[in-house]
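**Q** The structure is given below, and queries will be raised subsequently.
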Number of protein chains: 4
Amino acid sequence: MTVRFGVLGAGRIGTVHAGAIASVPGATLQAVADPVADAAETVQAKYGGDIRTIEQIEGAGDIDAVVICTPTDTHADLIERFCRAGKAVFCEKPIDLDVGRVRDCLKVVEQTGGTLMVGFNRRFDPDFKALKAAIDQGRIGTVEMVTLTSRDPGPPPYAYIERSGGIFRDMTIHDFDVARWLLGEEIEAVQAAASVLTDPQIGKLGDYDSVNVILTTSGGKQCTITNSRRATYGYDQRIEVHGSKGAVSAENTHTARIQLADSDGYHRPPLLDFFMTRYTAAYAAEIAAFIDSIASQTAPPTSGRDGLLALVLAEAALRSVREGRVVKVSEITGEETSAPRAAL
Amino acid sequence: MTVRFGVLGAGRIGTVHAGAIASVPGATLQAVADPVADAAETVQAKYGGDIRTIEQIEGAGDIDAVVICTPTDTHADLIERFCRAGKAVFCEKPIDLDVGRVRDCLKVVEQTGGTLMVGFNRRFDPDFKALKAAIDQGRIGTVEMVTLTSRDPGPPPYAYIERSGGIFRDMTIHDFDVARWLLGEEIEAVQAAASVLTDPQIGKLGDYDSVNVILTTSGGKQCTITNSRRATYGYDQRIEVHGSKGAVSAENTHTARIQLADSDGYHRPPLLDFFMTRYTAAYAAEIAAFIDSIASQTAPPTSGRDGLLALVLAEAALRSVREGRVVKVSEITGEETSAPRAAL
Amino acid sequence: MTVRFGVLGAGRIGTVHAGAIASVPGATLQAVADPVADAAETVQAKYGGDIRTIEQIEGAGDIDAVVICTPTDTHADLIERFCRAGKAVFCEKPIDLDVGRVRDCLKVVEQTGGTLMVGFNRRFDPDFKALKAAIDQGRIGTVEMVTLTSRDPGPPPYAYIERSGGIFRDMTIHDFDVARWLLGEEIEAVQAAASVLTDPQIGKLGDYDSVNVILTTSGGKQCTITNSRRATYGYDQRIEVHGSKGAVSAENTHTARIQLADSDGYHRPPLLDFFMTRYTAAYAAEIAAFIDSIASQTAPPTSGRDGLLALVLAEAALRSVREGRVVKVSEITGEETSAPRAAL
Amino acid sequence: MTVRFGVLGAGRIGTVHAGAIASVPGATLQAVADPVADAAETVQAKYGGDIRTIEQIEGAGDIDAVVICTPTDTHADLIERFCRAGKAVFCEKPIDLDVGRVRDCLKVVEQTGGTLMVGFNRRFDPDFKALKAAIDQGRIGTVEMVTLTSRDPGPPPYAYIERSGGIFRDMTIHDFDVARWLLGEEIEAVQAAASVLTDPQIGKLGDYDSVNVILTTSGGKQCTITNSRRATYGYDQRIEVHGSKGAVSAENTHTARIQLADSDGYHRPPLLDFFMTRYTAAYAAEIAAFIDSIASQTAPPTSGRDGLLALVLAEAALRSVREGRVVKVSEITGEETSAPRAAL
């Protein structure tokens, strides 16, 4: 079986996904849609497929699955439309910046019996997968404490920050998902500190650039997350997991595996400094996993619920900063619905 | 000038300090006191000096300085007595487990014009000093975020835990001091999470074995501290400091600088697993710094105030855990006195 | 301009090159030839192109260049035929196991004005290129001493060893080329030691499995090469270059960038253990460089002369082992021709 | 039992040994001798003991052992005198620069039944001992190939070079001893290359500054040694041993365990750049081992024969360079005596 794909949005990440689809066995790039004709044509020239509108893809009989790479505020609508149209849907995170809207969207997914995978690329990084495998093999015993470090080489454009929902929803959201993946126990409480240290303009936009978060699970496991919008030495992406029998960590990726020694000491090159370069293999593996899940008719490895829960943690972190206290996850989930937690 | 020393308490750490005194130029070990005759004799046999009582040392004309290595609950009294007796005093941390008692003790030190150095050995570790020097040389620009990791190979005896004042006052206190040393700005707010993950008996004793702390300064700088009473791979002691221009970190100390490669991969030996082995050089440098400060009649590098402020942070962390909120340092300092913060 | 390719030989390395051609912009895979129909069909199914005979490719008007991946003993003949047919030729090393045959072949290349690139993949490895770039930027001053380490995870099949020309011509030949590339000065003298340490059967076949070589240039620069047919921990590929101002080294590639810590110490996974996995990026970059040289009508970065000189060094090393003395390169080149060294 | 020591020569290394004697339990520094009064007095002031002449020490009833730290050309004579005087003798390497003189000296040692330990400090380095222990525990199987790297931060004074016997006898001699220690099989053949690359003046003095050596044992085991009189990044001291089951290596010692990250990359401090700082622990352990051997009446761990054989290898290496061929060890040993190799 070959999965026939439509890619919605031919920007940076849409191009990456189109390339992955074109190169992975078991998939073909059938169509690409983008209001910017140039963008769509560039993808077509590189990887083939037709140029169509979103409506044409929606109604097409020759499309099995779509990859949504459009702006965030269109995600939830498109997920709903394409689930209703019977296409399997891969959507870049986040589903929406609003927890209520996400929950409504997931209801539609559920009602239509649709397939939705949310793009948390880090779970597919080869090094992080090797770390997770070591944990799953019992190499460190029971997981107890997790330390996540994510530092961006620099801030995104101000215009992006304004629409991003803030650092917790835009940047930390990846770490929230990784924390859930590694802790193996749902998170119960969140506390956070947030400052503006790298660029006062970020503060003027109502956002932060430097945050620390402590997550606690019902069993007392703890996870700390450190985020900064600045790292002069590259894109700093580290994981450290401590368990009852030992610890496992994933190290950064330098631009080259060389070392220079001179009278000033020993020198290694900086880190890869762009998320798409750092996570090239992860993006390809992510799409391959989506195709596998369609072909094998199994649930995708990262679900809509994963997308929702990462957003809930972001919301809780923001409230913790504002109110100077530990925020229970149930406070956020309870706002939207009185249903028990399993309803998430 | 030779500084003539009396060592009070001939236990583990007293022996270390006696050895340092005996080997450092500019100092002599004049006397050692310990209610356990065997202990005092062992020190004497190794490093010389008389065996005397604390009272004899207090009244002795041939003693310029003392090193207090007795149980914690005697520290404040002995500091006061020996300041009154006109001896320079080096005291192992903590001065006392109670903030009020510490403050009273420091008043006596001040009134007597005495010299007091509190033993925060980590500031004297050669690697940590090199890290601090890199910061002071401006290599990373303005300090903004600090990450401290301290994991003990295993818990102390239960009897010790019962008297220790809890993990924040006993173990994290070192990290609180290091945080203050590195942030270069007083800490304003503390939040913490604490769990019992390694041994339920620790919980029964009312203590925790796994904690994470976030400290925030008035300028928004942040520091995270991770502590655990278990590390199968040795005594885990790491510092990472991020600034506006870069970052500097201090790495762990392995038992040997060798690496084995075989079909399972690459292997390095575990870390030094005992604080006295890990910090041998630091203990010697600490005593040398005390001697220098006496000889040069300058203030010791770690003061009574440093001892007090680390304890205040421990108190704040404990309260944060109990009340599930950010605790201002001023809440702790304000409890004991209405004096402005400078009074600390 | 698009370079239209024929691939001769659809084995392991032919498949790698076909894949590179299919993915690199500016090239198309026009045809593949292999006496084993299955092999050719597998390549065609993956990367497209027709299946043709070598004769058909030789006479084809729609083929600009060929990649020769057939058995070693066919290389020289095919190079001559395709140069005469006016195709640009990329040939896997070695051109031939016999220095005289190689020299004759290169004369044909010269007479036909043909383009020949010999496949020394290591020069195209991203880490080794970064090392070379550091040298070229003057980071270590003048190059003086080079240390090359190549250890294979295990020996090739005995049948392969029998036809390989021995370890110096088969394995060390890569290091000889890297040495020439890095020393920046032609090698004048060779001395070597060789033993059978890993498998006595290799000795019965007249070959060695463990060798050390010292190369000396006219200016006294030195290079040591260590080779072994066994490395339990993976494919060990290291370079270290010392110059007047410092040193630069390229490190090995582990299967994952993770580290495990437990009571036995710190553990990292073994190295990639297969040359095609280790040098995936190098093989792609090598073909891209060949295409660039055709498109830009410049000389390929690795020439027939490079192929010849690496073989000459192998010959010299073998003679050194047999005669227990330093062998001058001129002894080997002089055997075949009395022409001055420039004639090489 | 306390071993009472006389130290002959109060220079740099004599001072180090005097300090070791003063601090090690089971030994006392009884006397120090040096024609330069200042030097002797400095040692006395630091570590106690009388100042005596060599003759006084020779005849003293209160001296059990001597440490010879005088110039090389006095070593053999002093060894003979003090063996005849019934003192246990520790002598810094080399015994003499001439193989014949060394052999004569060792005969006197044997005839007098004296105790002689030759100072090969590297065998006592904690990291190298840990490496050796891993080998002895069978962690890498049977030892097969050894790689030794020793690079000095800079050349010694020209005056020293003139008297040193050349780089092989002065510098490589340490590596020859380490090779013998690690290979566990006597070396049969030596080949070497030598150049002047760092300072032409060294060449004018008839010496080399850059050498590579290959040693081969009777069983075909191989060892390469790389030496240079220049290393801008510090004192480069590495060992790598490969066996049938894996490999073990000892890493360099940096001045601090810190790492800086900035826009240029990751930076670690240079290496310790002085042999006495790098090998502080080794010098102390070496003297402790000598004292142990006296106290326990067992043979010292490094013997006169070790001193002789390292010198023989130096001689063989020099001849190999001069004659451009592999030199058998038996050629050197046979020059001095026709006795079979066991006579060494």
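Please note that chains go A, B, ... in the order of the structure tokens, that every chain numbers its residues from 1, and that ligands are numbered from 1 in the order shown.
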Using only C-alpha atoms and a distance of at most 9 Å, pull out the residues of chain C that contact chain A, as a list of chain:residue names.

**A**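 Within 9 Å of chain A on chain C, we get C:Pro25, C:Lys46, C:Pro126, C:Asp127, C:Phe128, C:Ala130, C:Leu131, C:Ala134, C:Arg139, C:Ile140, C:Lys245, C:Gly246, C:Ala247, C:Val248, C:Ser249, C:Ala250, C:Glu251, C:Asn252, C:Thr253, C:Thr255, C:Ala256, C:Arg257, C:Ile258, C:Gln259, C:Leu260, C:Ala261, C:Asp262, C:Ser263.
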
**Q** For the residues selected in the previous step, produce a file with C-alpha atoms as a CSV table (one decimal), in the first residue's frame.

**A**
chain,number,residue,atom,x,y,z
C,25,PRO,CA,20.4,18.0,-8.0
C,46,LYS,CA,14.7,2.1,-6.0
C,126,PRO,CA,32.2,16.1,6.8
C,127,ASP,CA,34.3,15.7,10.0
C,128,PHE,CA,37.5,15.2,8.1
C,130,ALA,CA,36.2,20.3,8.9
C,131,LEU,CA,39.6,19.1,10.2
C,134,ALA,CA,40.9,24.1,10.2
C,139,ARG,CA,44.6,27.1,12.9
C,140,ILE,CA,47.5,24.8,13.8
C,245,LYS,CA,50.8,26.2,16.6
C,246,GLY,CA,48.6,23.4,17.8
C,247,ALA,CA,46.8,20.2,16.9
C,248,VAL,CA,43.5,19.2,15.4
C,249,SER,CA,41.8,15.8,15.7
C,250,ALA,CA,38.7,14.1,14.3
C,251,GLU,CA,36.8,11.9,16.7
C,252,ASN,CA,34.9,8.7,16.1
C,253,THR,CA,31.1,8.5,15.5
C,255,THR,CA,25.8,4.9,17.2
C,256,ALA,CA,24.0,7.5,19.5
C,257,ARG,CA,24.9,10.5,21.5
C,258,ILE,CA,23.8,9.2,24.8
C,259,GLN,CA,25.6,8.4,28.0
C,260,LEU,CA,24.5,6.0,30.7
C,261,ALA,CA,25.8,6.3,34.3
C,262,ASP,CA,25.4,3.4,36.8
C,263,SER,CA,27.4,1.8,39.6

**Q** Based on the backbone DSSP call, show me all residues of region 97-304 of chain D assigned strand (DSSP E), as number ranges by chain.

**A** D: 116-119, 143-151, 187-195, 210-217, 222-228, 236-243, 246-250, 258-262, 265-268

**Q** Determine which residues of region 93-320 of chain C DSSP labels as helix (DSSP H, G or I) from the backbone of this structure, then write them out as a PyMOL selection string.

**A** chain C and resi 99-112+121-124+126-136+158-163+167-183+200-204+275-278+280-295+304-320

**Q** Hey, what's within 10 Å of Ala295 (chain A) if we count only C-alpha atoms and toss same-chain stuff fewer than 6 positions away? As a ChimeraX atom specification, please?

**A** /A:1-3,26-27,289

**Q** Do a neighbour search on Thr298 (chain B) at 12 Å with only C-alpha atoms, toss out local chain neighbours closer than 4 positions, and write the hits as a PDB file with all heavy atoms, in the first residue's frame.

**A**
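Everything below was put into result_5.pdb:
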ATOM      1  N   ALA B  88      40.419  33.741  66.507  1.00  0.00           N
ATOM      2  CA  ALA B  88      39.778  33.703  65.190  1.00  0.00           C
ATOM      3  C   ALA B  88      39.081  32.360  65.053  1.00  0.00           C
ATOM      4  O   ALA B  88      39.624  31.335  65.481  1.00  0.00           O
ATOM      5  CB  ALA B  88      40.814  33.877  64.086  1.00  0.00           C
ATOM      6  N   GLY B 114      34.987  39.926  66.544  1.00  0.00           N
ATOM      7  CA  GLY B 114      35.655  38.659  66.239  1.00  0.00           C
ATOM      8  C   GLY B 114      35.737  38.364  64.748  1.00  0.00           C
ATOM      9  O   GLY B 114      35.068  39.007  63.923  1.00  0.00           O
ATOM     10  N   THR B 115      36.578  37.379  64.419  1.00  0.00           N
ATOM     11  CA  THR B 115      36.727  36.911  63.046  1.00  0.00           C
ATOM     12  C   THR B 115      36.044  35.565  62.924  1.00  0.00           C
ATOM     13  O   THR B 115      36.367  34.634  63.670  1.00  0.00           O
ATOM     14  CB  THR B 115      38.221  36.744  62.714  1.00  0.00           C
ATOM     15  OG1 THR B 115      38.823  38.028  62.694  1.00  0.00           O
ATOM     16  CG2 THR B 115      38.406  36.057  61.353  1.00  0.00           C
ATOM     17  N   LEU B 116      35.099  35.463  62.009  1.00  0.00           N
ATOM     18  CA  LEU B 116      34.404  34.194  61.808  1.00  0.00           C
ATOM     19  C   LEU B 116      34.387  33.828  60.336  1.00  0.00           C
ATOM     20  O   LEU B 116      33.946  34.623  59.500  1.00  0.00           O
ATOM     21  CB  LEU B 116      32.959  34.294  62.333  1.00  0.00           C
ATOM     22  CG  LEU B 116      32.057  33.094  62.001  1.00  0.00           C
ATOM     23  CD1 LEU B 116      32.563  31.810  62.654  1.00  0.00           C
ATOM     24  CD2 LEU B 116      30.619  33.373  62.426  1.00  0.00           C
ATOM     25  N   MET B 117      34.846  32.639  60.048  1.00  0.00           N
ATOM     26  CA  MET B 117      34.715  32.105  58.697  1.00  0.00           C
ATOM     27  C   MET B 117      33.858  30.849  58.763  1.00  0.00           C
ATOM     28  O   MET B 117      34.075  29.994  59.625  1.00  0.00           O
ATOM     29  CB  MET B 117      36.099  31.772  58.110  1.00  0.00           C
ATOM     30  CG  MET B 117      36.030  31.117  56.725  1.00  0.00           C
ATOM     31  SD  MET B 117      37.650  31.154  55.879  1.00  0.00           S
ATOM     32  CE  MET B 117      37.370  30.010  54.529  1.00  0.00           C
ATOM     33  N   ALA B 289      42.932  29.650  53.044  1.00  0.00           N
ATOM     34  CA  ALA B 289      42.319  30.973  52.894  1.00  0.00           C
ATOM     35  C   ALA B 289      42.027  31.592  54.255  1.00  0.00           C
ATOM     36  O   ALA B 289      42.156  32.797  54.455  1.00  0.00           O
ATOM     37  CB  ALA B 289      41.024  30.856  52.078  1.00  0.00           C
ATOM     38  N   PHE B 290      41.651  30.743  55.207  1.00  0.00           N
ATOM     39  CA  PHE B 290      41.394  31.248  56.566  1.00  0.00           C
ATOM     40  C   PHE B 290      42.692  31.783  57.171  1.00  0.00           C
ATOM     41  O   PHE B 290      42.729  32.882  57.752  1.00  0.00           O
ATOM     42  CB  PHE B 290      40.806  30.106  57.406  1.00  0.00           C
ATOM     43  CG  PHE B 290      40.497  30.478  58.829  1.00  0.00           C
ATOM     44  CD1 PHE B 290      39.706  31.592  59.135  1.00  0.00           C
ATOM     45  CD2 PHE B 290      40.976  29.711  59.888  1.00  0.00           C
ATOM     46  CE1 PHE B 290      39.401  31.925  60.462  1.00  0.00           C
ATOM     47  CE2 PHE B 290      40.685  30.033  61.211  1.00  0.00           C
ATOM     48  CZ  PHE B 290      39.902  31.139  61.491  1.00  0.00           C
ATOM     49  N   ILE B 291      43.737  31.013  57.023  1.00  0.00           N
ATOM     50  CA  ILE B 291      45.047  31.439  57.537  1.00  0.00           C
ATOM     51  C   ILE B 291      45.488  32.753  56.873  1.00  0.00           C
ATOM     52  O   ILE B 291      45.924  33.687  57.544  1.00  0.00           O
ATOM     53  CB  ILE B 291      46.092  30.325  57.307  1.00  0.00           C
ATOM     54  CG1 ILE B 291      45.703  29.108  58.161  1.00  0.00           C
ATOM     55  CG2 ILE B 291      47.503  30.812  57.625  1.00  0.00           C
ATOM     56  CD1 ILE B 291      46.443  27.842  57.792  1.00  0.00           C
ATOM     57  N   ASP B 292      45.321  32.822  55.571  1.00  0.00           N
ATOM     58  CA  ASP B 292      45.645  34.062  54.852  1.00  0.00           C
ATOM     59  C   ASP B 292      44.881  35.249  55.408  1.00  0.00           C
ATOM     60  O   ASP B 292      45.429  36.342  55.559  1.00  0.00           O
ATOM     61  CB  ASP B 292      45.256  33.933  53.365  1.00  0.00           C
ATOM     62  CG  ASP B 292      46.325  33.209  52.578  1.00  0.00           C
ATOM     63  OD1 ASP B 292      47.374  32.879  53.156  1.00  0.00           O
ATOM     64  OD2 ASP B 292      46.100  32.961  51.378  1.00  0.00           O
ATOM     65  N   SER B 293      43.591  35.030  55.662  1.00  0.00           N
ATOM     66  CA  SER B 293      42.785  36.171  56.118  1.00  0.00           C
ATOM     67  C   SER B 293      43.247  36.624  57.501  1.00  0.00           C
ATOM     68  O   SER B 293      43.225  37.809  57.814  1.00  0.00           O
ATOM     69  CB  SER B 293      41.293  35.827  56.110  1.00  0.00           C
ATOM     70  OG  SER B 293      40.962  35.022  57.222  1.00  0.00           O
ATOM     71  N   ILE B 294      43.667  35.667  58.331  1.00  0.00           N
ATOM     72  CA  ILE B 294      44.191  36.044  59.656  1.00  0.00           C
ATOM     73  C   ILE B 294      45.519  36.786  59.498  1.00  0.00           C
ATOM     74  O   ILE B 294      45.722  37.862  60.061  1.00  0.00           O
ATOM     75  CB  ILE B 294      44.400  34.791  60.536  1.00  0.00           C
ATOM     76  CG1 ILE B 294      43.049  34.118  60.799  1.00  0.00           C
ATOM     77  CG2 ILE B 294      45.079  35.168  61.858  1.00  0.00           C
ATOM     78  CD1 ILE B 294      43.169  32.757  61.462  1.00  0.00           C
ATOM     79  N   THR B 302      34.453  33.564  53.289  1.00  0.00           N
ATOM     80  CA  THR B 302      33.062  33.165  53.546  1.00  0.00           C
ATOM     81  C   THR B 302      32.715  33.556  54.979  1.00  0.00           C
ATOM     82  O   THR B 302      33.357  33.110  55.929  1.00  0.00           O
ATOM     83  CB  THR B 302      32.850  31.648  53.345  1.00  0.00           C
ATOM     84  OG1 THR B 302      33.916  30.944  53.992  1.00  0.00           O
ATOM     85  CG2 THR B 302      32.847  31.282  51.878  1.00  0.00           C
ATOM     86  N   SER B 303      31.709  34.385  55.098  1.00  0.00           N
ATOM     87  CA  SER B 303      31.427  35.046  56.374  1.00  0.00           C
ATOM     88  C   SER B 303      30.264  34.398  57.117  1.00  0.00           C
ATOM     89  O   SER B 303      29.579  33.508  56.592  1.00  0.00           O
ATOM     90  CB  SER B 303      31.055  36.499  56.081  1.00  0.00           C
ATOM     91  OG  SER B 303      29.824  36.517  55.384  1.00  0.00           O
TER      92      SER B 303
END

**Q** Write out as a count of residues only which residues come within 9 Å of Glu315 (chain A) when counting only C-alpha atoms, dropping same-chain ones fewer than 5 positions away.

**A** 8

**Q** Would you compute the distance between CA of Thr280 (chain D) and CA of Gly14 (chain D)? Give it in Å to one decimal.

**A**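 Computing it gives 13.0 Å between the two atoms.
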
**Q** State, in Å with one decimal place, the distance from CA of Thr224 (chain B) to CA of Pro200 (chain B).

**A** 25.0 Å

**Q** Need the shell around region 179-183 of chain A: protein/DNA/RNA residues with any atom at most 7 Å away, counting only C-alpha atoms. Skip same-chain ones fewer than 4 positions apart. Format as a ChimeraX atom specification?

**A** /A:143,175,223

**Q** Between D:Lys221, D:Arg101, D:Arg12, D:Arg278, which is the closest to Ala193 (chain C) once you count only C-alpha atoms?

**A**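 The answer is D:Lys221, which sits nearest to Ala193 (chain C).
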
**Q** Identify which of the residues A:Thr72, A:Gln111, A:Ser330, A:Ser150 lies closest to Gln237 (chain A), counting only C-alpha atoms when measuring atom-to-atom distances.

**A**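 Selected residue with least distance to Gln237 (chain A): A:Ser150.
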
**Q** Just want the 6 Å neighbourhood of region 190-192 of chain A, counted on only C-alpha atoms, with same-chain residues fewer than 4 positions away dropped. Output as an mmCIF file with C-alpha atoms, in the first residue's frame.

**A**
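Contents of the output file around.cif:
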data_model
loop_
_atom_site.group_PDB
_atom_site.id
_atom_site.type_symbol
_atom_site.label_atom_id
_atom_site.label_comp_id
_atom_site.auth_asym_id
_atom_site.auth_seq_id
_atom_site.Cartn_x
_atom_site.Cartn_y
_atom_site.Cartn_z
ATOM 1 C CA ASN A 212 12.463 27.413 34.607
ATOM 2 C CA VAL A 213 9.696 24.945 35.349
ATOM 3 C CA ILE A 214 9.314 22.169 37.912
ATOM 4 C CA LEU A 215 6.772 19.460 37.122
ATOM 5 C CA ALA A 317 3.038 27.161 33.925
ATOM 6 C CA SER A 320 2.018 29.632 38.132
ATOM 7 C CA VAL A 321 4.238 32.526 37.095
ATOM 8 C CA VAL A 326 2.076 25.741 42.402
ATOM 9 C CA VAL A 327 -0.756 25.140 39.924
#
